[in-house]
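Chemist: Coordinates in final_27.txt, compact mmCIF, C-alpha atoms and all ligand atoms, are listed below.
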```txt
# COMPACT_ATOMS: atom_id res chain seq x y z
CA MET A 1 125.54 50.84 107.48
CA SER A 2 122.07 50.76 109.02
CA TYR A 3 118.83 52.40 107.92
CA GLY A 4 119.26 55.07 110.60
CA ASP A 5 122.89 55.72 109.64
CA TYR A 6 122.13 56.08 105.94
CA LEU A 7 119.33 58.56 106.56
CA ASP A 8 121.09 60.28 109.46
CA LEU A 9 117.90 59.87 111.43
CA SER A 10 119.51 60.80 114.71
CA THR A 11 120.05 64.31 113.29
CA LEU A 12 116.70 64.49 111.54
CA LEU A 13 114.63 63.25 114.47
CA SER A 14 116.42 65.35 117.05
CA ALA A 15 115.81 68.58 115.12
CA GLN A 16 112.39 69.32 116.65
CA HIS A 17 112.67 71.82 119.48
CA PRO A 18 109.30 73.00 120.77
CA LEU A 19 109.66 76.28 122.68
CA ALA A 20 106.39 76.69 124.57
CA VAL A 21 106.49 76.83 128.35
CA PRO A 22 104.65 74.92 129.66
CA PRO A 23 104.96 72.43 126.74
CA GLN A 24 102.01 72.41 124.31
CA HIS A 25 100.91 69.18 122.64
CA ASP A 26 100.26 70.78 119.22
CA GLU A 27 103.58 72.55 118.71
CA LEU A 28 105.20 69.38 117.35
CA LEU A 29 102.66 69.28 114.50
CA PHE A 30 103.49 72.90 113.66
CA ILE A 31 107.24 72.21 113.57
CA ILE A 32 106.99 68.99 111.56
CA GLN A 33 104.61 70.56 109.04
CA HIS A 34 107.23 73.24 108.34
CA GLN A 35 110.17 70.86 108.34
CA THR A 36 108.56 68.40 105.93
CA SER A 37 107.64 71.32 103.64
CA GLU A 38 111.26 72.47 103.71
CA LEU A 39 112.48 68.96 102.82
CA TRP A 40 110.14 68.88 99.83
CA PHE A 41 111.23 72.43 98.85
CA LYS A 42 114.78 71.09 98.82
CA LEU A 43 113.84 68.37 96.35
CA VAL A 44 111.76 70.78 94.24
CA LEU A 45 114.78 73.07 93.93
CA HIS A 46 117.05 70.15 93.05
CA GLU A 47 114.67 69.07 90.27
CA LEU A 48 114.05 72.58 88.96
CA ARG A 49 117.77 73.37 88.80
CA SER A 50 118.28 70.20 86.82
CA ALA A 51 115.32 70.96 84.52
CA ARG A 52 116.76 74.41 83.84
CA ASP A 53 120.13 72.90 83.01
CA LEU A 54 118.48 70.38 80.69
CA PHE A 55 116.54 73.14 78.90
CA THR A 56 119.86 74.91 78.36
CA HIS A 57 121.21 71.76 76.71
CA ASP A 58 118.06 71.20 74.61
CA LYS A 59 117.22 67.96 76.44
CA LEU A 60 113.48 68.52 76.60
CA PRO A 61 112.23 64.96 77.29
CA VAL A 62 114.51 64.56 80.32
CA ALA A 63 113.58 68.05 81.55
CA LEU A 64 109.91 67.12 81.33
CA LYS A 65 110.60 64.07 83.48
CA ARG A 66 112.00 66.41 86.15
CA LEU A 67 108.96 68.65 85.94
CA ALA A 68 106.63 65.65 86.27
CA ARG A 69 108.28 64.84 89.59
CA VAL A 70 107.99 68.46 90.76
CA LYS A 71 104.27 68.36 90.00
CA HIS A 72 103.79 65.30 92.22
CA ILE A 73 105.73 66.96 95.05
CA GLN A 74 103.55 70.04 94.69
CA SER A 75 100.44 67.87 94.99
CA THR A 76 101.83 66.31 98.16
CA LEU A 77 102.65 69.75 99.58
CA THR A 78 99.17 71.02 98.81
CA GLU A 79 97.46 67.93 100.24
CA GLN A 80 99.60 68.29 103.36
CA TRP A 81 97.69 71.43 104.42
CA THR A 82 94.87 69.16 105.61
CA VAL A 83 97.12 67.97 108.44
CA LEU A 84 97.80 71.52 109.65
CA ALA A 85 94.12 72.38 109.28
CA THR A 86 93.48 70.16 112.32
CA LEU A 87 95.21 72.87 114.38
CA THR A 88 92.48 75.00 115.95
CA PRO A 89 92.84 78.71 116.79
CA SER A 90 92.79 77.81 120.50
CA GLU A 91 95.62 75.30 120.06
CA TYR A 92 97.77 77.66 117.97
CA SER A 93 97.27 80.53 120.42
CA GLN A 94 98.90 78.42 123.14
CA PHE A 95 102.33 78.61 121.50
CA ARG A 96 102.10 81.42 118.90
CA ARG A 97 103.88 84.01 121.05
CA PHE A 98 106.92 81.74 121.36
CA LEU A 99 107.50 82.04 117.59
CA ALA A 100 108.18 85.77 118.09
CA THR A 101 108.74 87.32 114.64
CA SER A 102 109.71 84.13 112.82
CA SER A 103 107.62 83.46 109.71
CA GLY A 104 107.53 81.37 106.54
CA PHE A 105 108.24 84.67 104.82
CA GLN A 106 111.86 84.06 105.89
CA SER A 107 112.06 80.69 104.12
CA VAL A 108 115.20 80.78 101.96
CA GLN A 109 114.23 77.75 99.95
CA TYR A 110 110.72 79.02 99.23
CA ARG A 111 112.20 82.27 97.94
CA ALA A 112 114.69 80.30 95.85
CA VAL A 113 111.83 78.33 94.27
CA GLU A 114 110.02 81.60 93.49
CA PHE A 115 113.21 82.98 91.92
CA ILE A 116 113.94 79.95 89.74
CA LEU A 117 110.34 79.96 88.53
CA GLY A 118 110.77 83.62 87.59
CA ASN A 119 109.22 85.67 90.39
CA LYS A 120 112.36 87.77 90.91
CA ASN A 121 112.32 90.43 93.58
CA PRO A 122 115.59 92.08 94.69
CA ASP A 123 113.76 93.56 97.70
CA MET A 124 113.67 90.06 99.24
CA LEU A 125 117.45 89.91 99.73
CA PRO A 126 117.65 92.16 102.83
CA VAL A 127 115.30 89.72 104.62
CA PHE A 128 118.35 87.41 104.74
CA ASP A 129 120.96 89.96 105.89
CA GLN A 130 121.52 87.97 109.09
CA GLN A 131 122.14 84.72 107.12
CA PRO A 132 125.13 85.47 104.86
CA GLU A 133 125.20 82.07 103.14
CA ALA A 134 121.49 82.16 102.35
CA ARG A 135 121.78 85.72 101.09
CA VAL A 136 124.63 84.81 98.73
CA MET A 137 122.71 81.79 97.42
CA LEU A 138 119.62 83.90 96.76
CA ALA A 139 121.62 86.74 95.21
CA THR A 140 123.19 84.21 92.85
CA MET A 141 119.80 82.80 91.91
CA LEU A 142 118.43 86.28 91.41
CA ALA A 143 121.18 86.99 88.87
CA GLU A 144 120.67 83.70 87.01
CA PRO A 145 118.07 83.12 84.29
CA SER A 146 114.86 81.47 85.47
CA LEU A 147 113.39 78.26 84.09
CA TYR A 148 111.17 80.41 81.85
CA ASP A 149 114.12 82.53 80.67
CA VAL A 150 116.04 79.46 79.50
CA PHE A 151 112.91 78.03 77.87
CA ILE A 152 112.56 81.29 75.91
CA GLN A 153 116.21 80.97 74.84
CA LEU A 154 115.48 77.42 73.70
CA LEU A 155 112.57 78.72 71.62
CA ALA A 156 114.96 81.13 69.90
CA ARG A 157 117.39 78.27 69.16
CA ARG A 158 114.48 76.36 67.66
CA GLY A 159 113.97 79.19 65.19
CA PHE A 160 110.98 80.96 66.72
CA ASP A 161 110.88 84.73 66.36
CA VAL A 162 111.70 85.53 69.99
CA PRO A 163 112.19 89.22 70.85
CA ALA A 164 115.95 89.86 71.20
CA ASP A 165 115.57 91.67 74.54
CA LEU A 166 114.26 88.44 76.09
CA ILE A 167 117.26 86.39 75.01
CA GLU A 168 119.78 88.52 76.85
CA ARG A 169 118.73 90.80 79.67
CA ASP A 170 119.37 91.63 83.32
CA TRP A 171 117.97 88.42 84.83
CA SER A 172 117.77 89.93 88.29
CA GLN A 173 114.95 92.23 87.20
CA PRO A 174 111.34 91.09 87.57
CA TYR A 175 110.00 89.57 84.36
CA THR A 176 107.46 91.71 82.54
CA VAL A 177 105.02 90.52 79.92
CA HIS A 178 106.24 90.81 76.32
CA ASP A 179 103.73 91.00 73.47
CA GLY A 180 106.30 89.60 71.01
CA LEU A 181 106.43 86.34 72.91
CA ILE A 182 102.66 85.93 72.78
CA GLY A 183 103.05 85.70 68.99
CA VAL A 184 105.48 82.78 69.44
CA PHE A 185 103.01 80.89 71.61
CA ARG A 186 100.20 81.71 69.16
CA GLU A 187 102.24 79.85 66.55
CA VAL A 188 102.85 76.88 68.88
CA TYR A 189 99.22 76.60 69.98
CA GLY A 190 98.04 77.17 66.42
CA ASP A 191 99.68 73.94 65.27
CA PRO A 192 100.33 71.65 68.26
CA GLU A 193 101.31 68.64 66.18
CA LYS A 194 104.04 70.53 64.36
CA HIS A 195 105.53 71.84 67.63
CA TRP A 196 104.53 68.97 69.91
CA ASP A 197 107.43 68.93 72.41
CA ILE A 198 107.31 72.72 72.80
CA TYR A 199 103.53 72.62 73.12
CA GLU A 200 103.81 69.91 75.78
CA THR A 201 106.44 71.90 77.67
CA CYS A 202 104.21 74.98 77.65
CA GLU A 203 101.42 72.93 79.20
CA GLU A 204 103.81 71.49 81.81
CA LEU A 205 104.79 75.03 82.80
CA VAL A 206 101.14 75.99 83.15
CA ASP A 207 100.63 72.89 85.32
CA LEU A 208 103.54 74.00 87.54
CA GLU A 209 102.05 77.45 87.98
CA ASP A 210 98.59 76.05 88.58
CA ASN A 211 99.96 73.74 91.28
CA PHE A 212 101.92 76.58 92.85
CA GLN A 213 98.76 78.66 93.05
CA LEU A 214 96.88 75.76 94.65
CA TRP A 215 99.57 75.57 97.33
CA ARG A 216 99.33 79.34 97.92
CA PHE A 217 95.54 79.14 98.09
CA ARG A 218 95.54 76.26 100.57
CA HIS A 219 98.12 78.10 102.68
CA LEU A 220 95.91 81.18 102.69
CA LYS A 221 92.75 79.25 103.62
CA THR A 222 94.56 77.30 106.35
CA VAL A 223 96.00 80.53 107.74
CA GLU A 224 92.55 82.12 107.61
CA ARG A 225 90.93 79.33 109.60
CA ILE A 226 93.68 79.47 112.22
CA ILE A 227 94.32 83.22 112.66
CA GLY A 228 91.40 84.85 110.78
CA GLN A 229 92.30 88.41 109.77
CA ALA A 230 95.07 88.86 112.37
CA ARG A 231 98.49 90.09 111.31
CA GLY A 232 101.26 87.55 110.61
CA THR A 233 104.16 86.85 112.95
CA GLY A 234 106.38 88.21 110.15
CA GLY A 235 104.60 91.58 110.40
CA SER A 236 102.48 91.48 107.24
CA SER A 237 98.74 92.11 107.06
CA GLY A 238 98.31 88.31 107.03
CA VAL A 239 95.53 86.96 104.80
CA PRO A 240 95.27 90.14 102.61
CA PHE A 241 99.04 89.91 102.01
CA LEU A 242 98.80 86.24 101.02
CA ARG A 243 95.80 86.94 98.78
CA ARG A 244 97.83 89.40 96.67
CA ALA A 245 100.20 86.61 95.64
CA LEU A 246 97.31 84.83 93.93
CA ASP A 247 97.37 87.55 91.25
CA GLN A 248 100.99 86.85 90.36
CA THR A 249 102.00 84.79 87.36
CA PHE A 250 105.33 83.20 86.45
CA PHE A 251 104.54 82.69 82.77
CA PRO A 252 102.32 85.62 81.71
CA GLU A 253 102.42 85.02 77.94
CA LEU A 254 101.28 81.42 78.38
CA TYR A 255 98.12 82.83 79.93
CA SER A 256 97.74 85.72 77.46
CA VAL A 257 97.78 83.33 74.52
CA ARG A 258 94.86 81.42 76.06
CA GLY A 259 92.73 84.56 76.03
CA GLU A 260 93.60 85.16 72.40
CA ILE A 261 92.71 81.60 71.43
CA ALA A 262 89.41 81.79 73.30
CA GLU A 263 88.54 85.12 71.71
CA GLY A 264 89.54 83.82 68.29
CA ALA A 265 87.25 80.83 68.77
CA THR A 266 84.24 83.04 69.46
CA SER A 267 84.81 85.67 66.75
C1 LIG B 301 99.58 78.09 111.69
C2 LIG B 301 100.22 77.97 110.54
C3 LIG B 301 100.61 79.12 109.67
C4 LIG B 301 100.24 80.43 109.73
C5 LIG B 301 99.28 81.09 110.73
C6 LIG B 301 100.95 81.11 108.69
C7 LIG B 301 100.83 82.46 108.42
C8 LIG B 301 101.53 83.13 107.47
C9 LIG B 301 101.44 84.55 107.23
C10 LIG B 301 100.49 85.49 107.96
C11 LIG B 301 102.33 84.87 106.26
C12 LIG B 301 102.64 86.26 105.70
C13 LIG B 301 103.93 86.76 106.29
C14 LIG B 301 103.79 87.08 107.78
O1 LIG B 301 103.29 88.15 108.13
O2 LIG B 301 104.21 86.25 108.61
C15 LIG B 301 102.98 83.64 105.86
C16 LIG B 301 103.93 83.55 104.88
C17 LIG B 301 104.50 82.37 104.48
N1 LIG B 301 104.29 81.12 105.02
FE1 LIG B 301 102.95 80.64 106.43
N2 LIG B 301 101.70 80.20 108.00
C18 LIG B 301 101.54 78.99 108.55
C19 LIG B 301 102.13 77.81 108.16
C20 LIG B 301 103.05 77.70 107.16
C21 LIG B 301 103.70 76.47 106.77
C22 LIG B 301 103.47 75.08 107.38
C23 LIG B 301 104.55 76.77 105.77
C24 LIG B 301 105.43 75.78 105.09
C25 LIG B 301 106.69 76.03 104.82
C26 LIG B 301 104.45 78.18 105.52
C27 LIG B 301 105.17 78.89 104.58
C28 LIG B 301 105.05 80.23 104.33
C29 LIG B 301 105.78 80.92 103.29
C30 LIG B 301 106.75 80.30 102.31
C31 LIG B 301 105.42 82.26 103.37
C32 LIG B 301 105.89 83.38 102.43
C33 LIG B 301 104.83 83.56 101.35
C34 LIG B 301 105.14 84.70 100.38
O3 LIG B 301 106.06 85.49 100.61
O4 LIG B 301 104.40 84.82 99.37
N3 LIG B 301 103.52 78.71 106.35
N4 LIG B 301 102.48 82.60 106.61
```
Can I see the file as C-alpha cells?
Ligand code: HEM

Modeler:
Amino acid sequence: MSYGDYLDLSTLLSAQHPLAVPPQHDELLFIIQHQTSELWFKLVLHELRSARDLFTHDKLPVALKRLARVKHIQSTLTEQWTVLATLTPSEYSQFRRFLATSSGFQSVQYRAVEFILGNKNPDMLPVFDQQPEARVMLATMLAEPSLYDVFIQLLARRGFDVPADLIERDWSQPYTVHDGLIGVFREVYGDPEKHWDIYETCEELVDLEDNFQLWRFRHLKTVERIIGQARGTGGSSGVPFLRRALDQTFFPELYSVRGEIAEGATS
C-alpha cells in the first residue's frame, strides 16, 4: 500500500476537467476551490451526524468534541475565500459561459448541512430531481430531526420545561421560533454554573451559526467582487439572493434570549 493508493490520488487528482475552449489558466482554481469545499462539507456532515447521534444518547462531552472540529473546518472554509478572491472579473468571464446553468445552489452536501443544522426547506428537493440518490438522501435528512431538535429533546430529558410540540413534531417543516423555549434558555443563562454543560453547548451552537454566517458573508463578498450585481449561473438575482440568507437563523431562541438578558441588564 502506497500513499497514493491509500488516498486514491489517481481518482482525486484526475477529477479536474476544465471545459473552456481555448483552455483558460484560471479555471483550475475555480474547480479546485469548489472541490476542496465539497470535501470539507463531507467531513462537516460526518461530524454533525455523529454529534446529533451523541446528543440523542446524552453524550454531551463527546458531541462537543465533534462540534469543535466542525468549527475549525468552518474557519478553514471561510479563510479559503481569499484564494478565490484572486480571481478577477476578467479572468472569470473567460470561462463563465462554459459553466452553463451549474451553480453552488445545486450542492447536495451544502443543502444537507443546512438541513441538519435546522434550515429545512422542502422546496429544495425538486432541485435534485435529476439526481435520484441525492434526492433520496436529502428527503431522508429533511424528515429527520436536526441537531437543534435533538438538543431540545435532550433538554426535556434533563427536566427542563420544554414545550411538548417541540419534542415531537413533523421534522420536515421549517423550524419556527417558540417563546416557551426562550424561557428554558433564560433559566440556563440565568445560572450558568448550575447548568454548565448545557450552557456550554448553547454557546457552541451559537459559534456554529456565527461561523456559518461568516462563510455566507465571505461567499457573498467574493461573488460581489467577481460578478458585481449580475445574476447567478443558477438563475437567482445573485448578490441580493445571497444577502437574504444572512437574515436566517438556525437557533432563533438562542438569539432571543440574548436580547432578553441585555434588556434585563439595562432595566
Ligand atoms: C466565482 C465564484 C463564485 C460565484 C460567482 C458564485 C456565485 C453564486 C451565486 C450567484 C449563487 C446564487 C445562486 C445562483 O444564482 O447561482 C451562489 C450560490 C451558492 N454558491 Fe456560489 N459562487 C462562487 C463560488 C462558490 C464556491 C467556491 C462555492 C463552494 C462550494 C460556492 C457555493 C455555493 C453554494 C453552496 C450556494 C447556495 C447558497 C444558498 O442556497 O444559500 N460558490 N453562488

Chemist: Have a look at A:Arg66, A:Lys120, A:Arg169, A:Arg49 and name the one nearest to ligand LIG 301 (chain B); count all atoms listed in the file.

Modeler: A:Lys120

Chemist: With all atoms listed in the file as the atoms that count, which of A:Gln74, A:Ser2, A:Gln213, A:Thr11 lies nearest to A:Asp247?

Modeler: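 Ranking A:Gln74, A:Ser2, A:Gln213, A:Thr11 by distance to A:Asp247, first place goes to A:Gln213.
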
Chemist: Please return, as JSON, numbers by chain, all polymer residues that have at least one atom within 12 Å of the point (100.7, 86.4, 103.2); use only C-alpha atoms and the file's own coordinate frame.

Modeler: {"A": [103, 104, 105, 106, 216, 217, 218, 219, 220, 221, 222, 223, 224, 227, 229, 230, 231, 232, 233, 234, 235, 236, 237, 238, 239, 240, 241, 242, 243, 244, 245, 246]}

Chemist: Within 12 Å of A:Pro18, counting only C-alpha atoms, which residues qualify if same-chain residues fewer than 4 places away don't, as a PDB file with C-alpha atoms, in the coordinates of the input?

Modeler:
```pdb
ATOM      1  CA  SER A  14     116.420  65.350 117.050  1.00  0.00           C
ATOM      2  CA  PRO A  22     104.650  74.920 129.660  1.00  0.00           C
ATOM      3  CA  PRO A  23     104.960  72.430 126.740  1.00  0.00           C
ATOM      4  CA  GLN A  24     102.010  72.410 124.310  1.00  0.00           C
ATOM      5  CA  HIS A  25     100.910  69.180 122.640  1.00  0.00           C
ATOM      6  CA  ASP A  26     100.260  70.780 119.220  1.00  0.00           C
ATOM      7  CA  GLU A  27     103.580  72.550 118.710  1.00  0.00           C
ATOM      8  CA  LEU A  28     105.200  69.380 117.350  1.00  0.00           C
ATOM      9  CA  LEU A  29     102.660  69.280 114.500  1.00  0.00           C
ATOM     10  CA  PHE A  30     103.490  72.900 113.660  1.00  0.00           C
ATOM     11  CA  ILE A  31     107.240  72.210 113.570  1.00  0.00           C
ATOM     12  CA  ILE A  32     106.990  68.990 111.560  1.00  0.00           C
ATOM     13  CA  GLN A  94      98.900  78.420 123.140  1.00  0.00           C
ATOM     14  CA  PHE A  95     102.330  78.610 121.500  1.00  0.00           C
ATOM     15  CA  ARG A  96     102.100  81.420 118.900  1.00  0.00           C
ATOM     16  CA  PHE A  98     106.920  81.740 121.360  1.00  0.00           C
ATOM     17  CA  LEU A  99     107.500  82.040 117.590  1.00  0.00           C
TER      18      LEU A  99
END
```

Chemist: For each of A:Trp171, A:Tyr110, A:Phe115, A:Phe250, take the minimum atom-to-atom distance to ligand LIG 301 (chain B), counting all atoms listed in the file, then give the residue where this is smallest.

Modeler: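 Closest to ligand LIG 301 (chain B) of all the choices is A:Tyr110.
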
Chemist: When you draw a straight line from atom CA of A:Val21 to atom C7 of ligand LIG 301 (chain B), how long is it in Å?

Modeler: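 Taking atom CA of A:Val21 and atom C7 of ligand LIG 301 (chain B), their separation equals 21.5 Å.
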
Chemist: Starting from the point (116.2, 77.6, 71.6), work out which residues of protein, DNA or RNA have an atom no more than 12 Å away when counting all atoms listed in the file; state them as a list in words.

Modeler: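 Nearby residues: Leu54, Phe55, Thr56, His57, Asp58, Lys59, Leu60, Tyr148, Asp149, Val150, Phe151, Ile152, Gln153, Leu154, Leu155, Ala156, Arg157, Arg158, Gly159, Phe160, Asp161, Val162, Leu166, Ile167 and Ile198 of chain A.
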
Chemist: Hey, can you check how far atom CA of A:Glu38 sits from atom CA of A:Pro89?

Modeler: 23.4 Å

Chemist: If you count all atoms listed in the file, which residues fall within 12 Å of A:Glu260, apart from same-chain ones fewer than 4 positions away, as a PyMOL selection string?

Modeler: chain A and resi 179+182-183+185-187+189-190+253-256+264-267

Chemist: Would you compute an axis-aligned box for ligand LIG 301 (chain B), covering every atom listed for it in the file with 3 Å of margin on each side, and report centre and edge lengths in Å to one decimal as JSON?

Modeler:
```
{"center_x": 103.0, "center_y": 81.6, "center_z": 105.5, "size_x": 13.5, "size_y": 19.1, "size_z": 18.3}
```

Chemist: Using all atoms listed in the file, which of the listed residues (A:Tyr199, A:Phe251, A:Trp215, A:Tyr6) sits closest to A:Asn119?

Modeler: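 Ranking A:Tyr199, A:Phe251, A:Trp215, A:Tyr6 by distance to A:Asn119, first place goes to A:Phe251.
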
Chemist: Can you work out the spacing between atom C7 of ligand LIG 301 (chain B) and atom CA of A:Val44 in Å, to one decimal?

Modeler: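 Taking atom C7 of ligand LIG 301 (chain B) and atom CA of A:Val44, their separation equals 21.4 Å.
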
Chemist: Would you list the contacts of A:Leu77 as a ChimeraX atom specification, taking every protein, DNA or RNA residue within 12 Å and counting only C-alpha atoms, but skipping same-chain residues closer than 2 positions in sequence?

Modeler: /A:33-41,43-44,70-75,79-84,211-219

Chemist: For ligand LIG 301 (chain B), which residue out of A:Leu9, A:Ala100, A:Val206, A:Val62 is the nearest one, using all atoms listed in the file?

Modeler: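 Closest candidate: A:Ala100.
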
Chemist: Considering all atoms listed in the file, can you say which of A:Glu168, A:Glu200, A:Glu114, A:Glu91 comes closest to A:Pro61?

Modeler: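 Looking only at the distances to A:Pro61, the closest residue turns out to be A:Glu200.
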